[in-house]
Every structure is written in structure tokens, then in C-alpha cells.
>>> print(open('upload-v8.cif').read())   # mmCIF, C-alpha atoms
data_run
loop_
_atom_site.label_atom_id
_atom_site.label_comp_id
_atom_site.auth_asym_id
_atom_site.auth_seq_id
_atom_site.Cartn_x
_atom_site.Cartn_y
_atom_site.Cartn_z
CA MET A 22 27.37 9.07 -0.31
CA ALA A 23 26.19 9.72 3.23
CA ALA A 24 22.83 8.61 4.56
CA ALA A 25 20.69 10.86 6.70
CA GLY A 26 21.81 10.65 10.29
CA ASP A 27 25.51 10.19 9.45
CA ASP A 28 27.99 12.75 10.74
CA CYS A 29 28.26 15.04 7.71
CA ASP A 30 29.96 18.03 9.34
CA HIS A 31 33.30 16.86 7.97
CA CYS A 32 34.33 14.84 4.94
CA GLU A 33 36.76 12.52 6.68
CA PRO A 34 34.27 10.01 8.24
CA CYS A 35 32.88 8.89 4.89
CA GLY A 36 36.07 9.34 2.90
CA ALA A 37 34.45 11.49 0.20
CA ASP A 38 35.89 14.70 -1.18
CA GLU A 39 34.08 17.90 -0.32
CA GLY A 40 31.33 18.64 -2.84
CA THR A 41 30.97 15.01 -3.92
CA ARG A 42 28.52 13.75 -1.29
CA ILE A 43 24.76 13.68 -1.24
CA THR A 44 22.55 13.15 1.77
CA ILE A 45 19.58 10.85 1.22
CA THR A 46 16.51 11.52 3.33
CA PHE A 47 15.43 8.47 5.32
CA PRO A 48 12.46 7.28 3.20
CA ASP A 49 8.86 6.47 4.05
CA ASP A 50 6.98 3.35 2.96
CA PHE A 51 3.38 4.07 2.08
CA HIS A 52 2.22 0.44 2.14
CA HIS A 53 3.51 -2.14 4.61
CA HIS A 54 2.05 -5.27 6.20
CA PHE A 55 3.39 -5.59 9.74
CA ARG A 56 1.07 -8.51 10.54
CA ASP A 57 0.11 -9.05 14.18
CA GLY A 58 0.93 -11.11 17.24
CA ASP A 59 4.45 -12.51 17.50
CA LYS A 60 5.16 -11.88 13.81
CA CYS A 61 5.48 -8.12 14.32
CA PRO A 62 8.96 -7.92 15.89
CA ALA A 63 10.60 -9.80 13.01
CA VAL A 64 8.94 -7.62 10.38
CA LEU A 65 9.74 -4.44 12.28
CA GLU A 66 13.39 -5.43 12.60
CA HIS A 67 13.59 -5.15 8.81
CA ALA A 68 11.29 -2.16 8.27
CA THR A 69 12.77 0.17 10.87
CA ARG A 70 16.26 -0.22 9.37
CA ARG A 71 15.03 1.12 6.06
CA PHE A 72 12.20 3.57 6.72
CA ALA A 73 11.29 6.43 9.05
CA ARG A 74 7.50 6.05 8.72
CA ALA A 75 5.17 3.53 7.17
CA ILE A 76 1.48 3.09 6.46
CA ALA A 77 0.30 -0.01 8.32
CA MET A 78 -2.22 -2.15 6.45
CA PRO A 79 -5.36 -3.21 8.35
CA ASN A 80 -6.22 -6.60 6.79
CA LEU A 81 -5.59 -8.59 9.96
CA LYS A 82 -7.69 -11.30 11.57
CA PRO A 83 -9.94 -9.66 12.70
CA PRO A 84 -9.53 -6.62 10.44
CA VAL A 85 -8.96 -3.14 11.84
CA THR A 86 -12.51 -1.90 11.29
CA THR A 87 -12.98 0.34 14.33
CA THR A 88 -11.06 3.05 16.16
CA GLU A 89 -10.80 0.80 19.21
CA ILE A 90 -9.13 -1.97 17.22
CA ALA A 91 -6.91 0.59 15.49
CA THR A 92 -5.80 1.98 18.86
CA ALA A 93 -4.98 -1.46 20.21
CA TYR A 94 -3.03 -2.33 17.05
CA HIS A 95 -1.11 0.94 17.21
CA GLU A 96 -0.10 0.21 20.80
CA HIS A 97 0.90 -3.35 19.90
CA LEU A 98 3.09 -2.18 17.02
CA LYS A 99 4.82 0.38 19.23
CA SER A 100 5.48 -2.29 21.85
CA CYS A 101 7.23 -4.42 19.21
CA LEU A 102 9.68 -1.74 18.04
CA PRO A 103 13.39 -2.49 18.35
CA GLU A 104 15.08 -0.58 21.15
CA ASP A 105 17.04 1.61 18.75
CA SER A 106 14.00 2.52 16.61
CA GLN A 107 11.57 3.99 19.11
CA ASP A 108 10.99 7.07 16.94
CA PHE A 109 9.59 5.04 14.03
CA GLU A 110 6.15 6.40 13.12
CA PHE A 111 3.18 4.19 12.28
CA LEU A 112 0.51 5.66 10.02
CA ILE A 113 -2.51 3.52 10.87
CA THR A 114 -5.30 2.73 8.42
CA LEU A 115 -8.91 1.83 9.08
CA TYR A 116 -10.39 -1.10 7.13
CA LEU A 117 -13.34 0.27 5.16
CA THR A 118 -16.52 -1.84 4.98
CA ASP A 119 -20.02 -1.41 3.64
CA ASN A 120 -21.05 -0.42 7.17
CA THR A 121 -18.35 2.09 8.13
CA THR A 122 -20.12 5.19 9.44
CA PRO A 123 -19.19 8.88 9.16
CA SER A 124 -19.02 9.03 12.95
CA GLU A 125 -16.45 6.21 12.98
CA ILE A 126 -14.38 8.09 10.42
CA GLU A 127 -14.53 11.23 12.56
CA LYS A 128 -13.56 9.25 15.67
CA ALA A 129 -10.61 7.59 13.91
CA HIS A 130 -9.38 10.86 12.44
CA ALA A 131 -9.42 12.47 15.88
CA THR A 132 -6.81 9.99 17.18
CA GLY A 133 -4.10 11.71 15.17
CA PHE A 134 -2.48 8.40 14.20
CA VAL A 135 -5.20 6.95 11.96
CA LYS A 136 -4.23 8.68 8.74
CA ALA A 137 -6.24 6.86 6.09
CA CYS A 138 -8.89 4.30 5.28
CA LYS A 139 -8.18 1.24 3.18
CA TYR A 140 -10.64 0.13 0.51
CA TYR A 141 -10.45 -3.59 -0.24
CA PRO A 142 -12.93 -4.88 -2.79
CA ALA A 143 -14.41 -7.92 -1.04
CA GLY A 144 -12.44 -11.03 -2.01
CA ALA A 145 -9.77 -9.18 -3.99
CA THR A 146 -6.74 -10.15 -1.87
CA THR A 147 -5.53 -11.56 1.47
CA ASN A 148 -8.08 -11.16 4.30
CA SER A 149 -10.35 -8.95 2.20
CA HIS A 150 -13.58 -10.89 2.61
CA ALA A 151 -15.00 -8.25 4.96
CA GLY A 152 -14.24 -5.55 2.39
CA VAL A 153 -16.46 -3.41 0.21
CA THR A 154 -19.14 -5.10 -1.91
CA ASP A 155 -20.55 -1.91 -3.44
CA VAL A 156 -18.66 1.38 -3.52
CA ARG A 157 -21.86 3.41 -3.10
CA LYS A 158 -22.43 1.84 0.31
CA THR A 159 -19.25 3.61 1.42
CA TYR A 160 -20.23 7.05 0.10
CA PRO A 161 -21.39 8.49 3.47
CA ALA A 162 -18.03 7.52 5.03
CA LEU A 163 -16.10 8.77 1.99
CA ARG A 164 -17.85 12.13 2.08
CA LYS A 165 -16.80 12.54 5.70
CA MET A 166 -13.23 11.64 4.69
CA GLU A 167 -13.39 14.23 1.92
CA GLU A 168 -14.54 16.83 4.46
CA LEU A 169 -11.72 15.95 6.88
CA GLY A 170 -9.00 15.72 4.23
CA MET A 171 -8.40 12.05 5.07
CA MET A 172 -6.67 9.78 2.55
CA LEU A 173 -8.42 6.86 0.84
CA CYS A 174 -6.02 4.05 -0.05
CA ILE A 175 -7.50 1.71 -2.64
CA HIS A 176 -6.64 -1.81 -3.75
CA SER A 177 -7.56 -0.95 -7.31
CA GLU A 178 -8.85 -4.23 -8.72
CA VAL A 179 -12.33 -5.63 -9.20
CA SER A 180 -12.93 -9.02 -7.64
CA THR A 181 -15.73 -10.24 -9.91
CA SER A 182 -14.98 -13.75 -11.11
CA HIS A 183 -15.81 -13.16 -14.79
CA VAL A 184 -13.05 -10.53 -15.19
CA ASP A 185 -9.66 -11.96 -16.17
CA ILE A 186 -7.06 -11.50 -13.41
CA PHE A 187 -4.79 -9.57 -15.80
CA ASP A 188 -7.63 -7.11 -16.59
CA ARG A 189 -8.94 -6.42 -13.11
CA GLU A 190 -7.01 -3.19 -12.56
CA ARG A 191 -8.08 -1.67 -15.86
CA THR A 192 -11.69 -2.65 -15.20
CA PHE A 193 -11.55 -1.07 -11.72
CA ILE A 194 -10.50 2.25 -13.23
CA ASP A 195 -13.50 2.33 -15.52
CA GLU A 196 -16.09 0.97 -13.10
CA ILE A 197 -15.00 2.47 -9.76
CA ILE A 198 -12.26 5.10 -9.86
CA ARG A 199 -13.52 7.35 -12.66
CA PRO A 200 -17.04 7.70 -11.18
CA LEU A 201 -15.62 8.14 -7.66
CA VAL A 202 -13.29 10.96 -8.72
CA ALA A 203 -16.18 12.66 -10.50
CA ASP A 204 -18.50 12.29 -7.50
CA MET A 205 -15.95 13.44 -4.90
CA PRO A 206 -13.52 15.81 -6.59
CA SER A 207 -11.76 16.76 -3.33
CA LEU A 208 -11.31 13.27 -1.87
CA LYS A 209 -7.63 12.38 -1.53
CA ILE A 210 -7.09 9.04 -3.28
CA THR A 211 -4.08 6.77 -3.55
CA MET A 212 -4.33 3.96 -6.06
CA GLU A 213 -2.09 1.48 -4.30
CA HIS A 214 0.54 -0.79 -5.88
CA ILE A 215 -0.46 0.05 -9.44
CA SER A 216 0.69 -2.55 -11.95
CA THR A 217 -0.42 -1.38 -15.40
CA GLU A 218 0.24 1.30 -17.97
CA ASP A 219 -3.50 2.00 -17.80
CA SER A 220 -3.17 3.13 -14.17
CA VAL A 221 -0.09 5.22 -14.93
CA GLU A 222 -1.93 7.10 -17.68
CA PHE A 223 -5.05 7.53 -15.56
CA VAL A 224 -3.13 8.98 -12.59
CA LYS A 225 -1.16 11.31 -14.86
CA SER A 226 -4.38 12.69 -16.34
CA ALA A 227 -6.39 12.76 -13.09
CA PRO A 228 -6.69 15.77 -10.76
CA ASP A 229 -3.89 16.39 -8.28
CA ASN A 230 -5.77 14.68 -5.44
CA VAL A 231 -5.35 11.31 -7.22
CA ARG A 232 -1.95 9.67 -6.80
CA ALA A 233 -0.42 6.20 -6.83
CA SER A 234 2.05 4.01 -5.02
CA ILE A 235 4.34 1.57 -6.81
CA THR A 236 6.08 -1.51 -5.39
CA CYS A 237 9.65 -2.61 -5.98
CA HIS A 238 8.54 -5.99 -7.34
CA HIS A 239 6.30 -4.44 -9.98
CA LEU A 240 9.26 -2.31 -11.07
CA LEU A 241 11.69 -5.23 -11.17
CA TYR A 242 9.69 -8.14 -12.58
CA ASN A 243 7.12 -9.06 -15.20
CA ARG A 244 4.90 -12.12 -15.32
CA ASN A 245 7.66 -14.26 -16.86
CA ALA A 246 9.32 -14.26 -13.43
CA LEU A 247 6.22 -15.96 -12.02
CA LEU A 248 5.39 -18.38 -14.82
CA VAL A 249 8.36 -19.24 -17.07
CA GLY A 250 10.21 -22.46 -16.26
CA GLY A 251 7.74 -23.47 -13.58
CA ILE A 252 5.48 -21.57 -11.17
CA LYS A 253 7.53 -19.47 -8.73
CA PRO A 254 5.25 -18.93 -5.70
CA HIS A 255 7.40 -16.20 -4.15
CA PHE A 256 6.66 -14.01 -7.20
CA TYR A 257 2.91 -14.46 -6.73
CA CYS A 258 1.38 -11.19 -5.56
CA LEU A 259 -1.78 -9.16 -6.07
CA PRO A 260 -2.03 -7.25 -8.27
CA ILE A 261 -0.40 -10.04 -10.24
CA LEU A 262 2.75 -9.26 -12.24
CA LYS A 263 1.92 -8.08 -15.75
CA ARG A 264 3.63 -8.10 -19.16
CA GLU A 265 6.86 -6.19 -19.83
CA THR A 266 5.18 -3.15 -21.41
CA HIS A 267 3.44 -2.45 -18.12
CA ARG A 268 6.64 -2.82 -16.10
CA VAL A 269 8.40 -0.33 -18.37
CA ALA A 270 5.52 2.16 -17.97
CA LEU A 271 5.75 1.86 -14.18
CA LEU A 272 9.51 2.37 -14.26
CA GLU A 273 9.14 5.50 -16.36
CA ALA A 274 6.52 6.87 -13.96
CA ALA A 275 8.63 6.10 -10.89
CA THR A 276 11.68 7.88 -12.34
CA SER A 277 9.81 10.76 -13.97
CA GLY A 278 10.14 13.15 -11.03
CA SER A 279 6.35 13.45 -10.73
CA ASN A 280 5.12 13.66 -7.14
CA LYS A 281 2.02 11.72 -8.17
CA PHE A 282 4.00 8.47 -7.93
CA PHE A 283 5.75 7.23 -4.80
CA LEU A 284 6.96 4.14 -2.97
CA GLY A 285 4.60 1.71 -1.32
CA THR A 286 6.49 -1.58 -1.03
CA ASP A 287 3.47 -3.75 -0.17
CA SER A 288 5.88 -5.82 1.90
CA ALA A 289 3.69 -8.82 2.74
CA PRO A 290 5.44 -11.62 4.64
CA HIS A 291 3.99 -15.12 4.87
CA ARG A 292 5.26 -18.37 6.33
CA VAL A 293 7.22 -20.41 3.77
CA GLU A 294 4.68 -23.24 3.95
CA ASP A 295 1.89 -20.79 3.11
CA LYS A 296 3.73 -19.61 -0.01
CA GLU A 297 5.11 -22.97 -1.19
CA SER A 298 1.84 -24.89 -1.30
CA ALA A 299 -0.81 -26.09 -3.75
CA CYS A 300 -2.71 -22.84 -3.07
CA GLY A 301 -0.02 -20.35 -2.15
CA PHE A 302 -0.80 -17.02 -0.52
CA ALA A 303 -0.37 -13.77 -2.43
CA GLY A 304 2.35 -11.42 -1.28
CA ALA A 305 5.96 -10.48 -1.96
CA TYR A 306 8.55 -9.88 0.75
#
>>> encode(input="upload-v8.cif", output="C-alpha cells")
Amino acid sequence: MAAAGDDCDHCEPCGADEGTRITITFPDDFHHHFRDGDKCPAVLEHATRRFARAIAMPNLKPPVTTTEIATAYHEHLKSCLPEDSQDFEFLITLYLTDNTTPSEIEKAHATGFVKACKYYPAGATTNSHAGVTDVRKTYPALRKMEELGMMLCIHSEVSTSHVDIFDRERTFIDEIIRPLVADMPSLKITMEHISTEDSVEFVKSAPDNVRASITCHHLLYNRNALLVGGIKPHFYCLPILKRETHRVALLEAATSGSNKFFLGTDSAPHRVEDKESACGFAGAY
């Protein structure tokens, strides 16, 4: 097998017989946490070896809520690229809030590098406290996104405390996604890092503008990896790992050949002491 970029004009360099090689396109990652500050170079050292482009998540401190912050973050990320990976492309996302305006969406879209907005339900995951409290408060911004053909990336879980953590994705489909798709039939939506059979079935039955990303860890592990034989903090992520039936459904979707499902690794590095603690951070890396 020869990877993209290898010298494939002749068979000798890779030792394969003619007609027995395949060339694998350098993949994209449609969900990556590059962090900020001095953490970026270490993360980029890993990411640029494996991907050609990646969607950069905006849940920093402070979050990437404006075009100005997005521009500064884009420049910072580019400055942290390894010398041999200067052509790596960052697809920047804007952090959606209750107060994001249509004019801010238009301004961000005009940059050419802000490709999407990220919807975090307030309190649903790491650094999401400034996120959306009521989806209808975002409708003016979402309608502008629909007009511009801009992607909405959604952390598809409710954050209400009375909903069991294993049911939050299914509840989000019923309470948020179904009405949103009906209200904005042309809005491009990615349900990110789906973790349940419910999401697989919804995306399969939804219009073509609704798609989903899947992580490697949700394909590889179920909740036993997190909980059996002691709590394993490095398997703690959000959405939380589910039972085996859900993992199998995700695996079938990922290998089905459908273009509605694609890779978003949700690579989310944390310091070891922040994972291995009495209140460990969510995120797999």
C-alpha cells in the first residue's frame, strides 16, 4: 500500500507488484481540539502527520465568539505549524451563543477560513458555559447561515440535569434536532461525535443536509471500558461511551459507504493531572 504523496510512478520503491497497490487520500478530521497558547505545537505535531485539514473547535478560554477572535486564533494556529506541514489547512469554527448576530455570521463567513459555527448546549461539555441556552435565540443567526450555506456543527446532547447522561443524545434529537430540521430545511447540519443507534437511524432518515461525524473511541469502545474493574478516566468523554449495541450501530454506519457519516476524531487533549483526578475532565486523546 502506498500513501498519498509517496512516489507511485514505479513499483520498486514500495516493493509491491504492479496492480496490487492502492493510494489512500490524506484524510481530513472534522472535529479536533488544538487548544491554545503553548499547547498548540504539541497537538499540531500529531495532527499534521495524520491529516490534511481539520475543523478547529472554538471552546477555548475565552471562547471564539467573534470574527476578531477567530482571526487571531487562526493566525496563532498557523504560527504553531511544524516546518514541514505549512500547507495544513485549518477550518475555523465560530462559537455560537444566544447573542450571535446575523451580521457576525456574515462577517465570519466573509473571511474564507471560518467554515462553520459550533452549537454547544450551555453546560454540556468542556468550556461550554457560554453556549446556547435556548435554540430559538439562535434562529436569526441560523437563518443567515442557511442563506450563506454555512455548516452548523452541533454537540447533540441536552444539558438539563434531570435527563440521564446516557439518554441525553436521544432527548436532543426529539427536543432540538427534529424541530430545527423542520424549521430550516436547507440548513447544513452535522451532528457531531454521535454515540447512539438513535442518532444513526435519525441521520439515515433525515434529509441530505443532515450528516454526522463519528469518533474512533466511540467505534472502538463501549461503557465497559470506562466502568468495569474500576473507573478509567482516560475513557471518560462526552458524549459518554454507551452500551455495545450502540457501538455496533456506529460501526455499521461508519463502514456502510454512506457519505452521511464521516470521521471527526474529537481529539481532546488534557493534562494528565486534569484527567486523573477526583473530578476528571472529559475528552479522549
>>> residues_near_point(input="upload-v8.cif", point="(13.2, -8.4, 9.2)", cutoff="12 Å", atoms="all atoms listed in the file", output="ChimeraX atom specification")
/A:54-55,60-71,102-103,288-290,306
>>> write_last_selection(input="upload-v8.cif", atoms="C-alpha atoms", output="tab-separated table (two decimals), keeping the file's coordinate frame")
chain	number	residue	atom	x	y	z
A	54	HIS	CA	2.05	-5.27	6.20
A	55	PHE	CA	3.39	-5.59	9.74
A	60	LYS	CA	5.16	-11.88	13.81
A	61	CYS	CA	5.48	-8.12	14.32
A	62	PRO	CA	8.96	-7.92	15.89
A	63	ALA	CA	10.60	-9.80	13.01
A	64	VAL	CA	8.94	-7.62	10.38
A	65	LEU	CA	9.74	-4.44	12.28
A	66	GLU	CA	13.39	-5.43	12.60
A	67	HIS	CA	13.59	-5.15	8.81
A	68	ALA	CA	11.29	-2.16	8.27
A	69	THR	CA	12.77	0.17	10.87
A	70	ARG	CA	16.26	-0.22	9.37
A	71	ARG	CA	15.03	1.12	6.06
A	102	LEU	CA	9.68	-1.74	18.04
A	103	PRO	CA	13.39	-2.49	18.35
A	288	SER	CA	5.88	-5.82	1.90
A	289	ALA	CA	3.69	-8.82	2.74
A	290	PRO	CA	5.44	-11.62	4.64
A	306	TYR	CA	8.55	-9.88	0.75
>>> resolve_selection(input="upload-v8.cif", expression="the PyMOL selection byres ((chain A and resi 220) around 10)", output="number ranges by chain")
A: 177, 190-191, 193-194, 212, 214-219, 221-226, 232-233, 267, 270-271
>>> write_last_selection(input="upload-v8.cif", atoms="C-alpha atoms", output="tab-separated table (two decimals), in the frame of the given file")
chain	number	residue	atom	x	y	z
A	177	SER	CA	-7.56	-0.95	-7.31
A	190	GLU	CA	-7.01	-3.19	-12.56
A	191	ARG	CA	-8.08	-1.67	-15.86
A	193	PHE	CA	-11.55	-1.07	-11.72
A	194	ILE	CA	-10.50	2.25	-13.23
A	212	MET	CA	-4.33	3.96	-6.06
A	214	HIS	CA	0.54	-0.79	-5.88
A	215	ILE	CA	-0.46	0.05	-9.44
A	216	SER	CA	0.69	-2.55	-11.95
A	217	THR	CA	-0.42	-1.38	-15.40
A	218	GLU	CA	0.24	1.30	-17.97
A	219	ASP	CA	-3.50	2.00	-17.80
A	221	VAL	CA	-0.09	5.22	-14.93
A	222	GLU	CA	-1.93	7.10	-17.68
A	223	PHE	CA	-5.05	7.53	-15.56
A	224	VAL	CA	-3.13	8.98	-12.59
A	225	LYS	CA	-1.16	11.31	-14.86
A	226	SER	CA	-4.38	12.69	-16.34
A	232	ARG	CA	-1.95	9.67	-6.80
A	233	ALA	CA	-0.42	6.20	-6.83
A	267	HIS	CA	3.44	-2.45	-18.12
A	270	ALA	CA	5.52	2.16	-17.97
A	271	LEU	CA	5.75	1.86	-14.18
>>> resolve_selection(input="upload-v8.cif", expression="the PyMOL selection byres ((chain A and resi 239) around 9)", output="ChimeraX atom specification")
/A:214-216,235-238,240-243,260-263,267-268,271-272
>>> atom_distance(input="upload-v8.cif", atom1="CA of Ile113 in chain A", atom2="CA of Asn230 in chain A")
20.0 Å
>>> closest_residue(input="upload-v8.cif", among="A:Ala274, A:Ala75, A:Cys138, A:Cys300", to="Val153 in chain A", atoms="all atoms listed in the file")
A:Cys138
>>> closest_residue(input="upload-v8.cif", among="A:Glu196, A:Phe72, A:Leu173, A:Phe111", to="Val231 in chain A", atoms="all atoms listed in the file")
A:Leu173
>>> atom_distance(input="upload-v8.cif", atom1="CA of Asp50 in chain A", atom2="CA of Thr132 in chain A")
20.9 Å
>>> residues_around(input="upload-v8.cif", residues="Asp229 in chain A", least_positions_apart="5", cutoff="12 Å", atoms="all atoms listed in the file", output="PDB file with C-alpha atoms, in the coordinates of the input")
ATOM      1  CA  VAL A 202     -13.290  10.960  -8.720  1.00  0.00           C
ATOM      2  CA  PRO A 206     -13.520  15.810  -6.590  1.00  0.00           C
ATOM      3  CA  SER A 207     -11.760  16.760  -3.330  1.00  0.00           C
ATOM      4  CA  LEU A 208     -11.310  13.270  -1.870  1.00  0.00           C
ATOM      5  CA  LYS A 209      -7.630  12.380  -1.530  1.00  0.00           C
ATOM      6  CA  ILE A 210      -7.090   9.040  -3.280  1.00  0.00           C
ATOM      7  CA  THR A 211      -4.080   6.770  -3.550  1.00  0.00           C
ATOM      8  CA  PHE A 223      -5.050   7.530 -15.560  1.00  0.00           C
ATOM      9  CA  VAL A 224      -3.130   8.980 -12.590  1.00  0.00           C
ATOM     10  CA  SER A 279       6.350  13.450 -10.730  1.00  0.00           C
ATOM     11  CA  ASN A 280       5.120  13.660  -7.140  1.00  0.00           C
ATOM     12  CA  LYS A 281       2.020  11.720  -8.170  1.00  0.00           C
ATOM     13  CA  PHE A 282       4.000   8.470  -7.930  1.00  0.00           C
TER      14      PHE A 282
END
>>> resolve_selection(input="upload-v8.cif", expression="the PyMOL selection byres ((chain A and resi 84-88) around 9)", output="ChimeraX atom specification")
/A:78-83,89-94,114-118,121,125-126,128-130,132,135,148-149,151
>>> closest_residue(input="upload-v8.cif", among="A:Asp119, A:Leu169, A:Cys174, A:Asp188", to="Asp155 in chain A", atoms="only C-alpha atoms")
A:Asp119
